[in-house]
Each structure stands twice: as C-alpha cells, then as structure tokens.
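**Student:** Right, I'll just put the structure down here and ask away after.
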Amino acid sequence: MKQILIIEDEKRIAHWLKTYFERAGYAAETVLDGLTGLSRAQSSNPDLIVLDLMLPGMDGMEICRKLRQESDVPIIMLTAKGTQPDRIGGLETGADDYIVKPFDPEEVVARANAVLRRVKGKVINTISAGPLTLNHDAQTVALNDHPINLSQQQFALLQAFISHKNQVLTRDQLIDLAFDNQYESFDRAIDTHIKRLRKMIHSDDYNPIQTVYGAGYKFVVEEA
Ligand code: CA
C-alpha cells in the first residue's frame with residue numbers, strides 16, 4: 001500500500017485529506033507541524049508527501065528544500081496564496097505539483113495519483129553503485145560487468161539498498177521496501193537474506209553493506 005504523509009497544521013483539513021486518501025486505497029498519516037513533519041518524512045520514507053506551505057515550526061518551502069537535498073520523494077504543496085511568484089517558488093523548491101486552497105480533496109487525491117504515475121514511468125532502468133549495475137526491467141545485476149545470480153529476495157533487497165544509498169535503514173524499513181511487508185516482523189529472516197546478499201556481491205575490496213549496530217544496515221557508496 002502506498003504511504004502518504006500529510007503535513008498540515010489545520011487539523012480539519014489534515015483529517016479530511018487523510019480520510020480521502022484512505023478511501024482511495026492509500027495509507028495516510030498526518031503531522032501537524034513543520035519540524036515533526038520533516039523528521040517523519042525522513043524516517044518513514046513515504047511514497048508521496050502533501051505539504052502545506054504555512055506551518056508552525058518550519059515552513060513548507062524550507063521542508064521541501066531540505067528533503068530535496070536527500071530524496072526525490074514526490075511532493076504536492078498546498079498553498080493559501082494563489083499568486084504567480086508563490087506558484088513558481090513552490091515548483092523551484094522542488095515540489096512536483098501545487099494546489100491552491102481552498103481545494104477539493106478529491107482533486108488532491110487525483111493529482112497525487114497522477115504524480116505517482118509520472119514518477120513510476122520515470123524510473124531509470126539501470127542504476128549503478130560502485131562496481132554494481134542493477135537493471136530493474138531485466139532484474140539482473142552485474143558486479144564489475146560479470147553477471148551475478150541473485151534470488152528474487154536478494155534482488156529486491158539490493159534494489160532497496162541502492163535506492164537509499166548511504167542511509168541507515170532499519171530492518172522494518174528494509175522489509176517494507178523490499179518485500180511490501182509480507183514478512184512483517186521476521187527480523188531474523190531479513191538478516192539471513194542480507195548475509196546471503198553480502199556473499200553474492202562482495203569482492204576482495206568491496207563490501208558495501210555495513211551493519212549499523214542497534215539501528216540496521218547501510219549501503220555505502222563512495223561518491224566519485
Ligand atoms: Ca497552514
């Protein structure tokens with residue numbers, strides 16, 4: 001289920017949006033202030049964020065700017081001001097779309113659907129991380145141009161790691177990202193998958209999956 005994070009200080013609007021998103025088959029969470037919103041966005045890896053511009057703590061622009069430094073998560077900005085400079089400002093900050101208040105919540109859901117479809121279509125087929133190249137379509141992986149055979153689970157894990165490189169991922173986040181929660185709380189199963197994945201992709205001087213004690217795992221990519 002796609003996760004929507006709604007950062008909006010007007011309780012009534014936040015609740016209203018949450019209800020509409022849930023009716024449309026999404027999981028939705030609401031946060032009522034900017035600082036909590038930013039940290040929730042960073043920790044919960046939502047599929048899309050609905051972000052109000054005027055917020056206590058930290059405003060929507062600033063949150064958007066900060067998030068853009070570390071992720072491509074789709075962001076829809078809500079703004080009470082419909083003037084042109086604000087619109088442009090919202091998009092320049094890296095928001096994918098903006099909606100002027102007052103709005104119809106059904107329109108917000110429709111725009112979210114559209115943004116998510118666009119993002120899906122934009123997925124790059126091949127990504128590289130150090131000596132690894134991963135092809136999403138063919139579900140193949142090569143290490144130093146030599147193909148390696150990963151199981152479906154190992155591939156899904158590697159895909160999750162590479163799309164969140166240099167970030168600490170908890171076991172729960174990895175299970176969520178790689179297996180759509182099918183494993184729920186089988187922490188040990190994930191450790192076993194990671195152990196096998198490590199064996200498959202490591203070479204003499206390459207071992208990108210680090211254990212972060214007490215937290216989870218991190219896929220380390222040295223930026224060239
Ligand atoms: Ca507000």
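Simple scheme: letters A, B, ... for chains in structure tokens order, numbers from 1 for residues in each chain, numbers from 1 for ligands in the order shown.
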As a PyMOL selection string, please: every protein or nucleic acid residue near ligand 1 (cut-off 9 Å, counting only C-alpha atoms and all ligand atoms).
**Tutor:** chain A and resi 7-10+32-33+52-56+59-60+78-80
**Student:** For N, CA, C and O atoms, I'd like the residues from the last selection saved as a tab-separated table (two decimals), in the first residue's frame.
**Tutor:**
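Printed below is part_4.tsv as written:
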chain	number	residue	atom	x	y	z
A	7	ILE	N	1.45	16.79	5.80
A	7	ILE	CA	1.98	17.74	6.77
A	7	ILE	C	1.14	19.01	6.66
A	7	ILE	O	1.25	19.76	5.69
A	8	GLU	N	0.27	19.21	7.60
A	8	GLU	CA	-0.73	20.28	7.52
A	8	GLU	C	-1.17	20.62	8.95
A	8	GLU	O	-1.55	19.73	9.70
A	9	ASP	N	-1.07	21.89	9.32
A	9	ASP	CA	-1.38	22.26	10.71
A	9	ASP	C	-2.87	22.46	10.98
A	9	ASP	O	-3.28	22.52	12.12
A	10	GLU	N	-3.66	22.62	9.92
A	10	GLU	CA	-5.10	22.76	10.17
A	10	GLU	C	-5.69	21.36	10.30
A	10	GLU	O	-5.83	20.64	9.31
A	32	LEU	N	1.17	17.61	12.28
A	32	LEU	CA	0.59	18.95	12.36
A	32	LEU	C	1.59	20.10	12.46
A	32	LEU	O	1.20	21.25	12.53
A	33	ASP	N	2.89	19.81	12.48
A	33	ASP	CA	3.83	20.93	12.46
A	33	ASP	C	5.06	20.60	11.61
A	33	ASP	O	5.31	19.44	11.28
A	52	ASP	N	1.83	21.42	3.41
A	52	ASP	CA	1.25	22.76	3.49
A	52	ASP	C	2.40	23.77	3.50
A	52	ASP	O	3.48	23.50	4.01
A	53	LEU	N	2.15	24.92	2.91
A	53	LEU	CA	3.20	25.94	2.84
A	53	LEU	C	3.39	26.65	4.19
A	53	LEU	O	4.51	26.78	4.68
A	54	MET	N	2.29	27.10	4.79
A	54	MET	CA	2.38	27.84	6.05
A	54	MET	C	2.21	26.88	7.22
A	54	MET	O	1.13	26.37	7.45
A	55	LEU	N	3.32	26.65	7.92
A	55	LEU	CA	3.30	25.69	9.03
A	55	LEU	C	4.05	26.26	10.22
A	55	LEU	O	5.03	26.98	10.05
A	56	PRO	N	3.63	25.92	11.42
A	56	PRO	CA	4.44	26.31	12.59
A	56	PRO	C	5.70	25.44	12.65
A	56	PRO	O	5.70	24.33	12.14
A	59	ASP	N	8.55	26.18	7.77
A	59	ASP	CA	7.54	26.28	6.71
A	59	ASP	C	7.78	25.27	5.59
A	59	ASP	O	8.84	24.66	5.49
A	60	GLY	N	6.73	25.12	4.76
A	60	GLY	CA	6.74	24.11	3.72
A	60	GLY	C	7.89	24.25	2.73
A	60	GLY	O	8.48	23.26	2.29
A	78	LEU	N	0.59	22.53	-0.72
A	78	LEU	CA	-0.70	23.20	-0.55
A	78	LEU	C	-0.41	24.64	-0.20
A	78	LEU	O	0.41	24.92	0.67
A	79	THR	N	-1.04	25.55	-0.89
A	79	THR	CA	-0.80	26.94	-0.56
A	79	THR	C	-2.08	27.75	-0.54
A	79	THR	O	-2.99	27.51	-1.34
A	80	ALA	N	-2.15	28.66	0.41
A	80	ALA	CA	-3.33	29.51	0.51
A	80	ALA	C	-3.23	30.68	-0.46
A	80	ALA	O	-4.20	31.30	-0.81
**Student:** Find the residues around segment 147-150 of chain A up to 8 Å (only C-alpha atoms counted), leave out those fewer than 6 positions away in its own chain, and share them as a VMD selection string.
**Tutor:** chain A and resid 140 to 141 197 200 to 201
**Student:** With a distance cut-off of 6 Å and only C-alpha atoms, select the neighbouring residues of Asp96 of chain A, excluding the residue or stretch itself and same-chain residues fewer than 4 positions from it, and output the selection as a compact mmCIF listing (two decimals) with N, CA, C and O atoms, in the first residue's frame.
**Tutor:**
# COMPACT_ATOMS: atom_id res chain seq x y z
N PRO A 74 8.04 12.36 -4.18
CA PRO A 74 7.09 13.31 -4.76
C PRO A 74 6.44 14.19 -3.68
O PRO A 74 6.06 13.70 -2.63
N ILE A 75 6.37 15.49 -3.97
CA ILE A 75 5.80 16.43 -3.01
C ILE A 75 4.72 17.26 -3.70
O ILE A 75 4.94 17.83 -4.77
N ILE A 76 3.55 17.30 -3.09
CA ILE A 76 2.49 18.20 -3.55
C ILE A 76 2.33 19.29 -2.49
O ILE A 76 2.10 19.00 -1.33
**Student:** Within segment 6-205 of chain A, find each residue whose DSSP state, derived from the backbone, is strand (DSSP E), and express the selection as a ChimeraX atom specification.
**Tutor:** /A:6-7,27-31,48-52,75-79,97-100,126-129,132-135,140-143,146-148,168-169
**Student:** Quick check, in Å to one decimal: how far apart do atom CA of Glu70 of chain A and atom CA of Ser39 of chain A lie?
**Tutor:**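 Here the two named atoms are 12.5 Å from each other.
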**Student:** Measuring atom to atom with only C-alpha atoms, identify which of A:Leu158, A:Ala114, A:Ala129, A:Val50 is nearest to Glu222 of chain A.
**Tutor:**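 Using only C-alpha atoms, Glu222 of chain A sits closest to A:Ala129.
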**Student:** As a PyMOL selection string, please: all residues of segment 134-208 of chain A that backbone DSSP puts in helix (DSSP H, G or I).
**Tutor:** chain A and resi 152-163+171-179+187-201
